[in-house]
$ cat upload_17.txt   # compact mmCIF, C-alpha atoms
# COMPACT_ATOMS: atom_id res chain seq x y z
CA THR A 1 83.41 86.45 117.05
CA GLN A 2 80.89 88.32 119.16
CA THR A 3 78.31 85.54 118.79
CA LEU A 4 80.89 82.94 119.79
CA GLY A 5 82.01 85.01 122.78
CA ILE A 6 85.58 85.33 121.52
CA LYS A 7 87.32 88.13 123.42
CA ASN A 8 90.69 88.01 121.66
CA PHE A 9 91.54 89.92 118.50
CA SER A 10 90.42 88.78 115.07
CA VAL A 11 91.97 89.91 111.79
CA PHE A 12 89.89 91.64 109.10
CA GLU A 13 89.47 89.36 106.09
CA ASN A 14 91.96 91.40 104.05
CA GLY A 15 94.30 92.22 106.96
CA ALA A 16 93.50 95.95 106.99
CA GLY A 17 92.98 95.87 110.72
CA ILE A 18 92.02 93.92 113.80
CA PHE A 19 88.98 93.92 116.04
CA ARG A 20 87.58 92.39 119.20
CA PHE A 21 84.56 92.60 121.48
CA PRO A 22 85.97 92.97 125.01
CA THR A 23 82.47 94.17 126.00
CA SER A 24 79.30 94.57 123.97
CA GLN A 25 81.10 97.30 121.98
CA ILE A 26 83.53 96.57 119.16
CA GLU A 27 87.14 97.74 119.44
CA ILE A 28 88.81 98.35 116.04
CA TYR A 29 92.40 99.14 115.03
CA LEU A 30 93.16 99.94 111.37
CA ASP A 31 96.55 99.70 109.71
CA GLU A 32 97.96 103.21 109.27
CA ARG A 33 98.41 102.64 105.51
CA ILE A 34 94.65 102.47 104.90
CA PRO A 35 93.90 105.76 103.13
CA HIS A 36 91.22 108.01 104.62
CA SER A 37 89.76 108.14 101.12
CA VAL A 38 89.31 104.34 100.87
CA SER A 39 85.49 104.42 101.05
CA GLN A 40 85.19 107.11 98.40
CA ASP A 41 87.86 105.48 96.21
CA PHE A 42 86.01 102.15 96.28
CA LEU A 43 82.65 103.84 95.61
CA ASN A 44 84.14 105.57 92.57
CA MET A 45 85.72 102.35 91.25
CA ASP A 46 82.52 100.39 91.81
CA LYS A 47 80.46 102.99 89.97
CA VAL A 48 82.64 102.58 86.88
CA VAL A 49 82.52 98.76 87.12
CA ARG A 50 78.71 98.74 87.57
CA GLU A 51 78.17 101.06 84.59
CA LYS A 52 80.65 99.32 82.30
CA ILE A 53 80.26 95.63 83.23
CA LYS A 54 76.87 95.53 84.95
CA VAL A 55 77.98 93.64 88.05
CA PHE A 56 77.60 94.41 91.73
CA LYS A 57 80.23 94.35 94.44
CA GLN A 58 79.95 92.08 97.44
CA PRO A 59 78.08 94.06 100.10
CA ASN A 60 79.16 94.91 103.65
CA LYS A 61 82.88 95.25 103.09
CA ASP A 62 84.55 98.45 104.23
CA TYR A 63 88.27 98.04 103.52
CA THR A 64 88.24 95.88 100.44
CA LEU A 65 86.27 95.98 97.20
CA THR A 66 85.17 92.48 96.20
CA TYR A 67 83.37 91.04 93.19
CA LEU A 68 82.17 87.43 93.35
CA LEU A 69 81.08 85.70 90.16
CA PRO A 70 80.73 82.10 89.00
CA LYS A 71 84.03 80.31 88.44
CA GLY A 72 85.38 81.04 84.95
CA ASP A 73 83.07 84.00 84.30
CA LYS A 74 84.74 86.16 81.62
CA ARG A 75 83.56 89.33 83.37
CA LEU A 76 86.22 88.71 86.05
CA GLU A 77 88.91 89.61 83.51
CA LEU A 78 87.01 92.76 82.49
CA ILE A 79 86.62 93.82 86.12
CA ALA A 80 90.33 93.28 86.80
CA GLU A 81 91.34 95.22 83.68
CA THR A 82 88.95 98.08 84.48
CA VAL A 83 90.06 98.41 88.10
CA LYS A 84 93.77 98.14 87.21
CA GLU A 85 93.29 100.94 84.70
CA ILE A 86 91.59 103.17 87.29
CA ILE A 87 94.32 102.44 89.86
CA SER A 88 97.04 103.24 87.34
CA ASP A 89 95.40 106.34 85.85
CA GLN A 90 94.69 107.87 89.27
CA ASN A 91 97.88 106.57 90.93
CA LEU A 92 95.84 105.00 93.75
CA PRO A 93 97.48 102.92 96.53
CA TYR A 94 95.64 99.65 95.78
CA TYR A 95 96.31 96.27 94.20
CA ILE A 96 94.20 93.48 92.71
CA ASP A 97 93.99 89.97 94.18
CA GLU A 98 92.41 87.58 91.69
CA GLY A 99 91.03 84.10 92.35
CA LEU A 100 88.94 81.49 90.56
CA ASN A 101 85.70 83.35 91.20
CA PHE A 102 86.62 86.70 92.74
CA ILE A 103 88.41 90.00 92.36
CA ASN A 104 89.54 91.79 95.53
CA VAL A 105 90.86 95.33 95.56
CA ASN A 106 93.07 95.90 98.62
CA THR A 107 95.43 98.56 99.92
CA LYS A 108 99.05 98.17 98.75
CA ASP A 109 101.39 96.50 101.23
CA VAL A 110 98.45 95.40 103.41
CA ASP A 111 97.48 91.73 103.69
CA LYS A 112 96.50 89.20 106.35
CA GLY A 113 100.08 89.24 107.59
CA THR A 114 99.60 92.92 108.43
CA GLY A 115 96.65 92.10 110.67
CA LEU A 116 98.43 89.14 112.24
CA THR A 117 101.42 91.34 113.08
CA MET A 118 99.05 93.87 114.64
CA VAL A 119 97.55 91.13 116.84
CA ALA A 120 101.03 90.06 117.98
CA GLU A 121 101.97 93.66 118.81
CA LYS A 122 98.73 94.37 120.72
CA THR A 123 98.78 91.13 122.72
CA GLY A 124 102.50 90.53 123.17
CA ILE A 125 102.08 87.04 121.74
CA SER A 126 105.03 86.00 119.58
CA LEU A 127 104.24 85.13 115.96
CA ASN A 128 105.98 81.80 116.63
CA GLU A 129 103.21 81.00 119.14
CA ILE A 130 100.42 81.57 116.63
CA ALA A 131 98.92 78.86 114.43
CA GLY A 132 97.17 79.83 111.21
CA ILE A 133 94.81 78.17 108.73
CA GLY A 134 94.28 79.29 105.14
CA ASP A 135 93.11 77.93 101.82
CA SER A 136 94.19 80.35 99.07
CA LYS A 137 97.62 81.28 97.77
CA ALA A 138 97.06 84.82 99.12
CA ASP A 139 96.89 83.32 102.64
CA TRP A 140 100.59 82.47 102.43
CA HIS A 141 101.38 86.11 103.34
CA PHE A 142 100.21 85.48 106.89
CA LEU A 143 100.78 81.72 107.16
CA LYS A 144 104.54 82.09 106.65
CA LEU A 145 104.60 84.38 109.72
CA CYS A 146 102.89 81.79 111.94
CA GLY A 147 104.75 79.35 114.13
CA TYR A 148 102.57 76.57 112.71
CA SER A 149 100.65 76.73 109.42
CA MET A 150 97.79 74.55 108.19
CA CYS A 151 95.37 74.23 105.30
CA PRO A 152 92.47 72.00 104.28
CA ASN A 153 92.95 69.27 101.72
CA ASN A 154 91.09 71.31 99.08
CA ALA A 155 93.41 74.33 99.45
CA ALA A 156 95.55 75.81 96.69
CA GLU A 157 98.35 73.46 95.69
CA TYR A 158 100.94 76.10 96.54
CA LEU A 159 99.78 76.14 100.16
CA LYS A 160 99.56 72.37 100.41
CA SER A 161 103.22 72.11 99.50
CA ASN A 162 104.36 74.85 101.89
CA VAL A 163 102.35 74.56 105.13
CA ASP A 164 103.19 72.43 108.16
CA TYR A 165 99.97 70.41 108.06
CA VAL A 166 97.36 69.54 105.41
CA SER A 167 94.09 68.06 106.66
CA GLU A 168 92.81 64.73 105.44
CA ASP A 169 89.81 64.55 103.08
$ encode --input "upload_17.txt" --output "structure tokens"
Amino acid sequence: TQTLGIKNFSVFENGAGIFRFPTSQIEIYLDERIPHSVSQDFLNMDKVVREKIKVFKQPNKDYTLTYLLPKGDKRLELIAETVKEIISDQNLPYYIDEGLNFINVNTKDVDKGTGLTMVAEKTGISLNEIAGIGDSKADWHFLKLCGYSMCPNNAAEYLKSNVDYVSED
């Protein structure tokens, strides 16, 4: 957004907060449900996953823990099982979002809809005035809040049957 000169708010990929560059400095607002321990919690989870499954997390993510592997890789199931066990055993406030080639660990009750709602509150723009584009089933959390929802033709079937507009090939 900074490179493109966008001055309005953008939503973190997982919805944990919003940010903008009104000047050369970033302005960040986090959802209040993001635990102060999130960085340490994710470091601890990742250490167990690295030692047990020998995979590395996606770098440069602060408020989500993500593992990207080739589609159909059996280690995805092992990662999900391992992280779910840690979350359950330690009663941590996180959940797993699984896709064809990824595992995301996010804060409970926080999704892209959270960030979108934060944008609406900060700007005074009604959710009905916002258009949204997504491609995965998890994107429905925020798309259903938008006044107009869209997805590309290669999006998840669930989205294609629920959004207002699906692009052509």
$ residues_around --input "upload_17.txt" --residues "stretch 20-22 of chain A" --least-positions-apart "5" --cutoff "7 Å" --atoms "all atoms listed in the file" --output "PyMOL selection string"
chain A and resi 2+7-10+27-28
$ atom_distance --input "upload_17.txt" --atom1 "atom CA of A:His36" --atom2 "atom CA of A:Gln90"
15.7 Å
$ closest_atom_pairs --input "upload_17.txt" --of "stretch 2-74 of chain A" --to "stretch 103-124 of chain A" --cutoff "6 Å" --atoms "all atoms listed in the file" --output "tab-separated table"
residue	atom	partner	partner_atom	distance
A:Val11	CA	A:Gly115	CA	5.3
A:Asn14	CA	A:Asp111	CA	5.5
A:Gly15	CA	A:Lys112	CA	3.8
A:Gly17	CA	A:Gly115	CA	5.3
A:Ile18	CA	A:Gly115	CA	5.9
A:Thr64	CA	A:Asn106	CA	5.2
A:Leu65	CA	A:Val105	CA	4.9
A:Thr66	CA	A:Asn104	CA	4.5
A:Tyr67	CA	A:Ile103	CA	5.2
$ residues_near_point --input "upload_17.txt" --point "(87.0, 106.3, 100.4)" --cutoff "12 Å" --atoms "all atoms listed in the file" --output "PyMOL selection string"
chain A and resi 34-46+62-65+92-94+107
$ write_last_selection --input "upload_17.txt" --atoms "C-alpha atoms" --output "PDB file, in the frame of the given file"
ATOM      1  CA  ILE A  34      94.650 102.470 104.900  1.00  0.00           C
ATOM      2  CA  PRO A  35      93.900 105.760 103.130  1.00  0.00           C
ATOM      3  CA  HIS A  36      91.220 108.010 104.620  1.00  0.00           C
ATOM      4  CA  SER A  37      89.760 108.140 101.120  1.00  0.00           C
ATOM      5  CA  VAL A  38      89.310 104.340 100.870  1.00  0.00           C
ATOM      6  CA  SER A  39      85.490 104.420 101.050  1.00  0.00           C
ATOM      7  CA  GLN A  40      85.190 107.110  98.400  1.00  0.00           C
ATOM      8  CA  ASP A  41      87.860 105.480  96.210  1.00  0.00           C
ATOM      9  CA  PHE A  42      86.010 102.150  96.280  1.00  0.00           C
ATOM     10  CA  LEU A  43      82.650 103.840  95.610  1.00  0.00           C
ATOM     11  CA  ASN A  44      84.140 105.570  92.570  1.00  0.00           C
ATOM     12  CA  MET A  45      85.720 102.350  91.250  1.00  0.00           C
ATOM     13  CA  ASP A  46      82.520 100.390  91.810  1.00  0.00           C
ATOM     14  CA  ASP A  62      84.550  98.450 104.230  1.00  0.00           C
ATOM     15  CA  TYR A  63      88.270  98.040 103.520  1.00  0.00           C
ATOM     16  CA  THR A  64      88.240  95.880 100.440  1.00  0.00           C
ATOM     17  CA  LEU A  65      86.270  95.980  97.200  1.00  0.00           C
ATOM     18  CA  LEU A  92      95.840 105.000  93.750  1.00  0.00           C
ATOM     19  CA  PRO A  93      97.480 102.920  96.530  1.00  0.00           C
ATOM     20  CA  TYR A  94      95.640  99.650  95.780  1.00  0.00           C
ATOM     21  CA  THR A 107      95.430  98.560  99.920  1.00  0.00           C
TER      22      THR A 107
END
$ residues_around --input "upload_17.txt" --residues "stretch 132-141 of chain A" --least-positions-apart "4" --cutoff "7 Å" --atoms "all atoms listed in the file" --output "PyMOL selection string"
chain A and resi 111-113+146+148-152+155-156+158-159
$ closest_residue --input "upload_17.txt" --among "A:Phe102, A:Gln25, A:Gly147, A:Tyr95" --to "A:Phe56" --atoms "only C-alpha atoms"
A:Phe102
$ atom_distance --input "upload_17.txt" --atom1 "atom CA of A:Ile96" --atom2 "atom CA of A:Thr82"
10.8 Å
$ axis_aligned_box --input "upload_17.txt" --around "stretch 103-114 of chain A" --padding-each-side "8 Å" --output "JSON"
{"center_x": 94.9, "center_y": 93.9, "center_z": 100.4, "size_x": 29.0, "size_y": 25.4, "size_z": 32.1}
$ atom_distance --input "upload_17.txt" --atom1 "atom CA of A:Glu129" --atom2 "atom CA of A:Phe142"
13.4 Å
$ closest_residue --input "upload_17.txt" --among "A:Val49, A:Ser161, A:Lys54, A:Leu100" --to "A:Glu85" --atoms "all atoms listed in the file"
A:Val49
$ residues_near_point --input "upload_17.txt" --point "(79.4, 90.2, 88.1)" --cutoff "12 Å" --atoms "all atoms listed in the file" --output "mmCIF file with C-alpha atoms, in the coordinates of the input"
data_model
loop_
_atom_site.group_PDB
_atom_site.id
_atom_site.type_symbol
_atom_site.label_atom_id
_atom_site.label_comp_id
_atom_site.auth_asym_id
_atom_site.auth_seq_id
_atom_site.Cartn_x
_atom_site.Cartn_y
_atom_site.Cartn_z
ATOM 1 C CA ASP A 46 82.520 100.390 91.810
ATOM 2 C CA VAL A 49 82.520 98.760 87.120
ATOM 3 C CA ARG A 50 78.710 98.740 87.570
ATOM 4 C CA GLU A 51 78.170 101.060 84.590
ATOM 5 C CA LYS A 52 80.650 99.320 82.300
ATOM 6 C CA ILE A 53 80.260 95.630 83.230
ATOM 7 C CA LYS A 54 76.870 95.530 84.950
ATOM 8 C CA VAL A 55 77.980 93.640 88.050
ATOM 9 C CA PHE A 56 77.600 94.410 91.730
ATOM 10 C CA LYS A 57 80.230 94.350 94.440
ATOM 11 C CA GLN A 58 79.950 92.080 97.440
ATOM 12 C CA THR A 66 85.170 92.480 96.200
ATOM 13 C CA TYR A 67 83.370 91.040 93.190
ATOM 14 C CA LEU A 68 82.170 87.430 93.350
ATOM 15 C CA LEU A 69 81.080 85.700 90.160
ATOM 16 C CA PRO A 70 80.730 82.100 89.000
ATOM 17 C CA LYS A 71 84.030 80.310 88.440
ATOM 18 C CA GLY A 72 85.380 81.040 84.950
ATOM 19 C CA ASP A 73 83.070 84.000 84.300
ATOM 20 C CA LYS A 74 84.740 86.160 81.620
ATOM 21 C CA ARG A 75 83.560 89.330 83.370
ATOM 22 C CA LEU A 76 86.220 88.710 86.050
ATOM 23 C CA GLU A 77 88.910 89.610 83.510
ATOM 24 C CA LEU A 78 87.010 92.760 82.490
ATOM 25 C CA ILE A 79 86.620 93.820 86.120
ATOM 26 C CA ALA A 80 90.330 93.280 86.800
ATOM 27 C CA ASN A 101 85.700 83.350 91.200
ATOM 28 C CA PHE A 102 86.620 86.700 92.740
ATOM 29 C CA ILE A 103 88.410 90.000 92.360
#
$ decode --input "upload_17.txt" --residues "stretch 104-116 of chain A" --atoms "N, CA, C and O atoms" --output "mmCIF file, in the first residue's frame"
data_model
loop_
_atom_site.group_PDB
_atom_site.id
_atom_site.type_symbol
_atom_site.label_atom_id
_atom_site.label_comp_id
_atom_site.auth_asym_id
_atom_site.auth_seq_id
_atom_site.Cartn_x
_atom_site.Cartn_y
_atom_site.Cartn_z
ATOM 1 N N ASN A 104 -2.983 -22.076 8.734
ATOM 2 C CA ASN A 104 -2.864 -20.791 9.418
ATOM 3 C C ASN A 104 -3.320 -20.972 10.852
ATOM 4 O O ASN A 104 -4.337 -21.623 11.100
ATOM 5 N N VAL A 105 -2.599 -20.391 11.776
ATOM 6 C CA VAL A 105 -3.016 -20.347 13.169
ATOM 7 C C VAL A 105 -3.361 -18.888 13.448
ATOM 8 O O VAL A 105 -2.519 -18.003 13.291
ATOM 9 N N ASN A 106 -4.610 -18.634 13.821
ATOM 10 C CA ASN A 106 -5.107 -17.280 14.058
ATOM 11 C C ASN A 106 -5.735 -17.172 15.440
ATOM 12 O O ASN A 106 -6.069 -18.180 16.057
ATOM 13 N N THR A 107 -5.944 -15.942 15.878
ATOM 14 C CA THR A 107 -6.593 -15.703 17.164
ATOM 15 C C THR A 107 -8.088 -15.980 17.048
ATOM 16 O O THR A 107 -8.727 -15.554 16.081
ATOM 17 N N LYS A 108 -8.640 -16.675 18.045
ATOM 18 C CA LYS A 108 -10.076 -16.981 18.084
ATOM 19 C C LYS A 108 -10.905 -15.719 17.910
ATOM 20 O O LYS A 108 -10.559 -14.664 18.447
ATOM 21 N N ASP A 109 -11.993 -15.857 17.181
ATOM 22 C CA ASP A 109 -12.963 -14.784 16.971
ATOM 23 C C ASP A 109 -12.399 -13.593 16.202
ATOM 24 O O ASP A 109 -12.985 -12.517 16.215
ATOM 25 N N VAL A 110 -11.238 -13.763 15.564
ATOM 26 C CA VAL A 110 -10.648 -12.699 14.752
ATOM 27 C C VAL A 110 -10.472 -13.228 13.337
ATOM 28 O O VAL A 110 -9.886 -14.285 13.135
ATOM 29 N N ASP A 111 -11.032 -12.498 12.362
ATOM 30 C CA ASP A 111 -10.897 -12.867 10.958
ATOM 31 C C ASP A 111 -10.919 -11.594 10.120
ATOM 32 O O ASP A 111 -10.917 -10.496 10.670
ATOM 33 N N LYS A 112 -10.941 -11.722 8.823
ATOM 34 C CA LYS A 112 -10.911 -10.534 7.963
ATOM 35 C C LYS A 112 -12.114 -9.622 8.204
ATOM 36 O O LYS A 112 -12.019 -8.412 8.020
ATOM 37 N N GLY A 113 -13.209 -10.183 8.651
ATOM 38 C CA GLY A 113 -14.374 -9.368 8.993
ATOM 39 C C GLY A 113 -14.083 -8.443 10.160
ATOM 40 O O GLY A 113 -14.599 -7.325 10.237
ATOM 41 N N THR A 114 -13.237 -8.887 11.080
ATOM 42 C CA THR A 114 -12.812 -8.066 12.210
ATOM 43 C C THR A 114 -12.115 -6.814 11.701
ATOM 44 O O THR A 114 -12.436 -5.693 12.096
ATOM 45 N N GLY A 115 -11.146 -7.009 10.815
ATOM 46 C CA GLY A 115 -10.412 -5.883 10.252
ATOM 47 C C GLY A 115 -11.306 -4.961 9.443
ATOM 48 O O GLY A 115 -11.200 -3.731 9.531
ATOM 49 N N LEU A 116 -12.205 -5.548 8.660
ATOM 50 C CA LEU A 116 -13.120 -4.738 7.849
ATOM 51 C C LEU A 116 -14.004 -3.875 8.741
ATOM 52 O O LEU A 116 -14.220 -2.691 8.466
#
